[in-house]
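K.L.:
The structure that follows is given in the form of structure tokens.
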Amino acid sequence: MKVLGFESSCDETGVALLELGADGRPRLLGEALHSQARMHEAYGGVVPELASRDHIRRVLPLARQVLAQAGATLADVDLVAYTRGPGLAGALLVGAGVAVALAAALGRPALGVHHLEGHLLSPFLAEPAPQFPFVALLVSGGHTQLLRVDGVGRYELLGETIDDAAGEAFDKTAKLLGLGYPGGPALARLADFGDESSFSLPRPLLASGDLDFSFAGLKTAVLNQVKRLGSNVCYQNRADLAAATQAAIVDVLAAKSLRALERTGLERLVVAGGVGANQRLRGQLDAGAGRVGARVHYPPLALCTDNGAMIALAAAMRAASGLAQTSRDGAFDVRPRWPLTELTLQGAAEHPAPMAL
Ligand code: KG4
Ligand code: ZN
């Protein structure tokens with residue numbers, strides 16, 4: 001089964017062609033991405049209307065590029081997948097509109113995918129692929145969640161952020177330190193030159209006993225430090241503060257992920273979403289999991305942030321599991337707000353039949 005996937009939920013246009021073999025293993029045949037980060041940088045964050053317009057400009061050239069790279073044509077496509085939500089409504093509509101129109105023209109089914117399910121399943125594109133069941137730490141710009149994952153579409157929420165997401169905490173504190181957008185990678189680079197022990201920052205909810213997160217207070221703590229330093233803030237101060245911020249965020253994410261493994265008795269942790277690219281987080285999770293005999297799975301580094309491959313993969317895995325609610329009539333909608341746990345409610349049967357294409 002060959003799936004053409006479109007991602008356009010935020011500021012990245014991603015397209016990919018993926019083949020799911022008869023053995024259930026995915027193979028990426030072609031992949032292309034355009035990041036709008038530089039366009040939005042001037043505004044310090046994503047401007048939704050600019051994002052939609054840029055997706056329109058990029059999506060078809062990227063699709064052509066992917067097919068050429070894969071040595072394939074549209075006739076080879078069995079299923080067209082797109083991000084149905086959550087995300088920016090206008091941006092989602094671009095990918096959804098193109099995908100559904102393409103599917104209708106080709107006489108193929110179209111399938112709307114949950115963006116976070118894409119992130120969640122993206123480690124199946126790495127070697128060795130994880131096996132169900134596992135604990136998943138989803139850490140992106142908009143979400144921070146711990147889930148128990150028993151199979152495709154079988155997701156149980158264990159804990160989540162009660163305010164800002166981890167990526168948002170990186171982005172907001174980066175902004176306070178005068179770094180560009182997106183702040184996460186920039187803050188991580190600056191942190192390499194800092195001493196985290198120079199500032200003492202809170203570890204919110206670390207000892208709360210549950211698996212929830214809170215990052216809004218951390219932003220305030222960093223703001224107070226920046227105000228205290230005033231105009232005296234030098235490069236080294238900023239690097240030290242970046243290191244202390246990264247350490248605080250990572251300490252909480254790692255501690256709660258390990259606690260989730262302990263609570264569920266599971267031995268596999270899957271990390272997905274943009275913040276999963278953070279090397280400090282990876283190091284701390286690998287070390288902590290190693291101590292309890294658990295293993296951590298990540299997507300390939302380039303597929304941590306938004307991309308089309310994870311959307312094609314989630315669609316392929318859903319179709320293969322018989323969970324796909326495809327459309328063939330050209331009708332579609334997008335879900336800018338869409339809790340991941342709703343997918344489980346939509347009937348993740350124990351023994352579903354694979355979809356006939
Ligand atoms: O998953 P993603 O690409 O988009 C969303 O669905 O939100 O995640 C983007 C987030 C941004 O907040 C970005 O700052 C963060 O991931 N991020 C990082 C790193 N790379 C991306 N945060 C910390 N360290 C990184 N290396
Ligand atoms: Zn994402």
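Convention: chains lettered A, B, ... in structure tokens order; per-chain residue numbering from 1; ligands numbered from 1 as shown.
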Return as a short mmCIF file (atom, residue, chain, number, x, y, z; two decimals) with N, CA, C and O atoms, in the first residue's frame the residues of protein, DNA or RNA that approach ligand 1 to within 10 Å, with only C-alpha atoms and all ligand atoms taken into account.
P.N.:
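Saved to pocket-v5.cif:
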```
data_model
loop_
_atom_site.label_atom_id
_atom_site.label_comp_id
_atom_site.auth_asym_id
_atom_site.auth_seq_id
_atom_site.Cartn_x
_atom_site.Cartn_y
_atom_site.Cartn_z
N SER A 9 -0.47 21.61 9.35
CA SER A 9 -1.25 22.08 10.50
C SER A 9 -0.73 23.38 11.11
O SER A 9 -1.45 24.07 11.80
N CYS A 10 0.56 23.68 10.84
CA CYS A 10 1.12 24.88 11.48
C CYS A 10 2.04 25.61 10.50
O CYS A 10 1.58 26.16 9.53
N ASP A 11 3.34 25.58 10.75
CA ASP A 11 4.25 26.38 9.91
C ASP A 11 5.21 25.53 9.09
O ASP A 11 6.24 26.00 8.66
N GLU A 12 4.86 24.26 8.88
CA GLU A 12 5.66 23.42 8.01
C GLU A 12 4.76 22.77 6.97
O GLU A 12 3.73 22.19 7.32
N SER A 35 9.93 24.60 5.65
CA SER A 35 9.66 25.25 6.94
C SER A 35 9.47 26.74 6.73
O SER A 35 10.25 27.39 6.04
N PRO A 86 -5.16 18.40 15.32
CA PRO A 86 -5.44 19.80 15.62
C PRO A 86 -4.41 20.70 14.96
O PRO A 86 -3.38 20.24 14.50
N GLY A 87 -4.73 22.00 14.92
CA GLY A 87 -3.82 22.94 14.28
C GLY A 87 -4.56 24.21 13.90
O GLY A 87 -5.69 24.44 14.34
N HIS A 115 -2.90 14.83 13.97
CA HIS A 115 -1.48 15.24 13.95
C HIS A 115 -0.66 14.55 15.05
O HIS A 115 0.46 14.10 14.81
N LEU A 116 -1.23 14.45 16.25
CA LEU A 116 -0.47 13.85 17.35
C LEU A 116 -0.32 12.34 17.17
O LEU A 116 0.67 11.76 17.63
N GLY A 118 0.20 11.06 14.36
CA GLY A 118 1.36 11.04 13.46
C GLY A 118 2.65 11.07 14.26
O GLY A 118 3.55 10.24 14.08
N HIS A 119 2.76 12.05 15.18
CA HIS A 119 3.97 12.14 16.02
C HIS A 119 4.17 10.84 16.80
O HIS A 119 5.27 10.31 16.89
N LEU A 138 4.64 12.75 24.50
CA LEU A 138 4.39 13.63 23.34
C LEU A 138 4.74 15.05 23.73
O LEU A 138 4.07 15.63 24.59
N VAL A 139 5.78 15.57 23.14
CA VAL A 139 6.23 16.91 23.53
C VAL A 139 6.41 17.79 22.30
O VAL A 139 7.42 17.71 21.61
N SER A 140 5.41 18.63 22.06
CA SER A 140 5.49 19.50 20.87
C SER A 140 5.27 20.94 21.30
O SER A 140 5.25 21.25 22.49
N GLY A 141 5.08 21.81 20.31
CA GLY A 141 4.86 23.22 20.62
C GLY A 141 3.51 23.46 21.29
O GLY A 141 3.33 24.42 22.02
N GLY A 142 2.56 22.57 21.05
CA GLY A 142 1.22 22.78 21.59
C GLY A 142 0.79 21.75 22.61
O GLY A 142 -0.25 21.91 23.25
N HIS A 143 1.53 20.65 22.75
CA HIS A 143 1.10 19.56 23.62
C HIS A 143 2.22 18.99 24.47
O HIS A 143 3.37 18.92 24.03
N THR A 144 1.87 18.58 25.67
CA THR A 144 2.77 17.79 26.51
C THR A 144 1.91 16.75 27.18
O THR A 144 1.08 17.06 28.04
N ALA A 165 2.70 24.15 27.09
CA ALA A 165 3.36 22.92 26.63
C ALA A 165 4.87 23.08 26.79
O ALA A 165 5.38 24.21 26.91
N ALA A 166 5.60 21.96 26.76
CA ALA A 166 7.06 22.02 26.93
C ALA A 166 7.70 22.86 25.82
O ALA A 166 8.58 23.69 26.08
N GLY A 167 7.25 22.67 24.58
CA GLY A 167 7.80 23.44 23.46
C GLY A 167 7.52 24.93 23.64
O GLY A 167 8.35 25.78 23.33
N GLU A 168 6.33 25.22 24.15
CA GLU A 168 5.94 26.61 24.41
C GLU A 168 6.86 27.21 25.47
O GLU A 168 7.24 28.38 25.38
N ALA A 169 7.19 26.42 26.48
CA ALA A 169 8.10 26.89 27.54
C ALA A 169 9.47 27.20 26.94
O ALA A 169 10.08 28.24 27.25
N PHE A 170 9.95 26.33 26.05
CA PHE A 170 11.22 26.61 25.37
C PHE A 170 11.09 27.90 24.56
O PHE A 170 11.95 28.78 24.62
N ASP A 171 10.00 28.00 23.77
CA ASP A 171 9.84 29.15 22.87
C ASP A 171 9.70 30.47 23.64
O ASP A 171 10.29 31.48 23.29
N LYS A 172 8.89 30.45 24.72
CA LYS A 172 8.65 31.69 25.46
C LYS A 172 9.89 32.15 26.22
O LYS A 172 10.18 33.35 26.27
N ALA A 174 12.94 31.42 25.41
CA ALA A 174 13.91 31.83 24.39
C ALA A 174 13.65 33.28 23.98
O ALA A 174 14.58 34.07 23.80
N GLY A 180 15.62 33.99 18.57
CA GLY A 180 14.61 34.01 17.52
C GLY A 180 13.56 32.92 17.67
O GLY A 180 13.54 32.17 18.65
N TYR A 181 12.69 32.83 16.67
CA TYR A 181 11.64 31.81 16.64
C TYR A 181 11.99 30.76 15.60
O TYR A 181 12.47 31.13 14.53
N PRO A 182 11.77 29.45 15.79
CA PRO A 182 11.31 28.84 17.04
C PRO A 182 12.44 28.78 18.06
O PRO A 182 13.60 28.54 17.71
N GLY A 183 12.10 29.00 19.31
CA GLY A 183 13.13 29.19 20.32
C GLY A 183 13.81 27.93 20.81
O GLY A 183 14.94 27.99 21.30
N GLY A 184 13.11 26.78 20.72
CA GLY A 184 13.66 25.54 21.30
C GLY A 184 15.07 25.22 20.84
O GLY A 184 15.99 25.13 21.67
N PRO A 185 15.28 25.07 19.53
CA PRO A 185 16.62 24.73 19.05
C PRO A 185 17.63 25.81 19.41
O PRO A 185 18.77 25.51 19.79
N ALA A 186 17.23 27.09 19.34
CA ALA A 186 18.15 28.20 19.64
C ALA A 186 18.54 28.18 21.12
O ALA A 186 19.71 28.36 21.48
N LEU A 187 17.56 27.94 21.97
CA LEU A 187 17.84 27.90 23.41
C LEU A 187 18.77 26.72 23.74
O LEU A 187 19.69 26.84 24.54
N ALA A 188 18.52 25.59 23.08
CA ALA A 188 19.35 24.40 23.32
C ALA A 188 20.80 24.67 22.89
O ALA A 188 21.75 24.27 23.58
N ARG A 189 20.97 25.38 21.77
CA ARG A 189 22.34 25.69 21.30
C ARG A 189 23.05 26.62 22.28
O ARG A 189 24.21 26.41 22.62
N GLN A 246 16.69 24.93 30.32
CA GLN A 246 16.63 23.62 29.66
C GLN A 246 16.68 22.50 30.70
O GLN A 246 15.91 21.53 30.64
N ILE A 249 13.24 22.16 32.52
CA ILE A 249 12.20 21.53 31.68
C ILE A 249 12.49 20.04 31.53
O ILE A 249 11.62 19.18 31.71
N VAL A 250 13.74 19.73 31.21
CA VAL A 250 14.11 18.33 30.95
C VAL A 250 14.01 17.48 32.23
O VAL A 250 13.54 16.34 32.17
N ALA A 272 8.08 11.54 21.17
CA ALA A 272 7.75 12.13 19.87
C ALA A 272 7.36 13.59 20.01
O ALA A 272 6.99 14.04 21.09
N GLY A 273 7.44 14.33 18.90
CA GLY A 273 7.16 15.76 18.91
C GLY A 273 8.46 16.54 18.88
O GLY A 273 9.52 16.00 19.22
N GLY A 274 8.37 17.81 18.50
CA GLY A 274 9.55 18.64 18.28
C GLY A 274 10.57 18.64 19.41
O GLY A 274 11.78 18.58 19.17
N VAL A 275 10.09 18.70 20.66
CA VAL A 275 11.03 18.77 21.79
C VAL A 275 11.82 17.45 21.93
O VAL A 275 12.88 17.42 22.54
N GLY A 276 11.31 16.39 21.31
CA GLY A 276 12.02 15.11 21.30
C GLY A 276 13.36 15.20 20.59
O GLY A 276 14.19 14.28 20.69
N ALA A 277 13.59 16.30 19.86
CA ALA A 277 14.90 16.47 19.20
C ALA A 277 15.95 16.96 20.19
O ALA A 277 17.14 16.96 19.89
N ASN A 278 15.51 17.37 21.38
CA ASN A 278 16.45 17.95 22.36
C ASN A 278 17.43 16.89 22.89
O ASN A 278 17.04 15.89 23.45
N GLN A 279 18.70 17.17 22.71
CA GLN A 279 19.74 16.18 23.06
C GLN A 279 19.84 15.95 24.56
O GLN A 279 20.11 14.85 25.02
N ARG A 280 19.65 17.00 25.31
CA ARG A 280 19.71 16.87 26.77
C ARG A 280 18.58 15.93 27.25
O ARG A 280 18.78 15.08 28.10
N LEU A 281 17.38 16.12 26.68
CA LEU A 281 16.25 15.27 27.04
C LEU A 281 16.56 13.82 26.67
O LEU A 281 16.33 12.89 27.46
N ARG A 282 17.10 13.62 25.47
CA ARG A 282 17.43 12.26 25.03
C ARG A 282 18.44 11.60 25.96
O ARG A 282 18.28 10.44 26.35
N LEU A 301 15.88 11.72 13.76
CA LEU A 301 15.99 13.11 14.22
C LEU A 301 15.25 14.09 13.29
O LEU A 301 14.54 14.99 13.75
N ALA A 302 15.39 13.88 11.99
CA ALA A 302 14.77 14.81 11.02
C ALA A 302 13.25 14.72 11.04
O ALA A 302 12.56 15.60 10.53
N LEU A 303 12.70 13.65 11.62
CA LEU A 303 11.23 13.49 11.63
C LEU A 303 10.63 13.77 13.00
O LEU A 303 9.49 13.40 13.27
N CYS A 304 11.40 14.42 13.89
CA CYS A 304 10.87 14.79 15.22
C CYS A 304 9.88 15.93 15.09
O CYS A 304 8.82 15.93 15.71
N THR A 305 10.24 16.93 14.28
CA THR A 305 9.32 18.06 14.10
C THR A 305 8.34 17.70 12.97
O THR A 305 8.42 16.62 12.40
N ASP A 306 7.41 18.60 12.70
CA ASP A 306 6.33 18.28 11.77
C ASP A 306 6.82 17.86 10.39
O ASP A 306 7.76 18.46 9.86
N ASN A 307 6.17 16.87 9.83
CA ASN A 307 6.58 16.36 8.50
C ASN A 307 5.43 15.55 7.89
O ASN A 307 4.50 15.15 8.59
#
```
K.L.:
Write out as a list of chain:residue names each polymer residue whose atoms come within 7 Å of Asp163 (chain A), counting only C-alpha atoms; drop sequence neighbours fewer than 5 positions from it.
P.N.:
A:Ser214, A:Phe215, A:Ala216
K.L.:
Extract, using only C-alpha atoms, all DNA, RNA and protein residues at most 8 Å from Leu74 (chain A), discarding same-chain residues fewer than 3 positions from it, and format them as a list in words.
P.N.:
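So, after excluding close chain neighbours, the residues are Leu67, Val77 and Leu106 of chain A.
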K.L.:
Please produce a file of those selected residues containing C-alpha atoms, as a PDB file, in the first residue's frame.
P.N.:
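Full text of selection-v2.pdb as output:
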```pdb
ATOM      1  CA  LEU A  67       6.922  11.768  -6.593  1.00  0.00           C
ATOM      2  CA  VAL A  77      -0.917   6.219  -4.935  1.00  0.00           C
ATOM      3  CA  LEU A 106      -7.547   9.757  -8.757  1.00  0.00           C
TER       4      LEU A 106
END
```
K.L.:
Among region 258-293 of chain A, which residues does DSSP mark as strand (DSSP E) when it is run on the backbone? Keep the chain and numbering as in the structure and answer as an NGL selection string.
P.N.:
:A and (268-272)
K.L.:
Just the residues within 9 Å of Gln69 (chain A), please, counting only C-alpha atoms, with nothing from its chain fewer than 6 positions along; format it as a list of chain:residue names.
P.N.:
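In the requested form, the answer reads A:Leu29, A:Gly30, A:Glu31.
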K.L.:
Give me a file of those residues, with C-alpha atoms, as a PDB file, in the first residue's frame.
P.N.:
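Saved the output as again_6.pdb:
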```pdb
ATOM      1  CA  LEU A  29       9.936   6.394  -0.766  1.00  0.00           C
ATOM      2  CA  GLY A  30      10.132  10.184  -0.929  1.00  0.00           C
ATOM      3  CA  GLU A  31       9.863  13.109   1.444  1.00  0.00           C
TER       4      GLU A  31
END
```
K.L.:
Quick one: residues within 8 Å of region 121-124 of chain A, only C-alpha atoms counted, chain neighbours fewer than 3 positions away excluded, as a list of chain:residue names?
P.N.:
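Everything that qualifies: A:Pro26, A:Glu117, A:Gly118, A:Glu127, A:Pro128, A:Ala129, A:Pro130, A:Val270, A:Val271, A:Ala272, A:His297, A:Tyr298, A:Pro299, A:Pro300, A:Leu303, A:Cys304, A:Ala309, A:Met310, A:Leu313, A:Ala314.
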K.L.:
Counting only C-alpha atoms, what is within 9 Å of Leu88 (chain A), bar same-chain residues fewer than 6 positions away, as number ranges by chain?
P.N.:
A: 8-10, 48, 51-52, 335-337
K.L.:
Tell me which of A:Ala260, A:Leu50, A:Leu241, A:Val252 sits closest to Leu177 (chain A), counting only C-alpha atoms.
P.N.:
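The shortest atom-to-atom distance to Leu177 (chain A) comes from A:Leu241.
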K.L.:
Kindly indicate which residue among A:Leu206, A:Leu158, A:Leu120, A:Ala331 lies nearest to ligand 2, using only C-alpha atoms and all ligand atoms for the distances.
P.N.:
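Comparing A:Leu206, A:Leu158, A:Leu120, A:Ala331 against ligand 2, the winner is A:Leu120.
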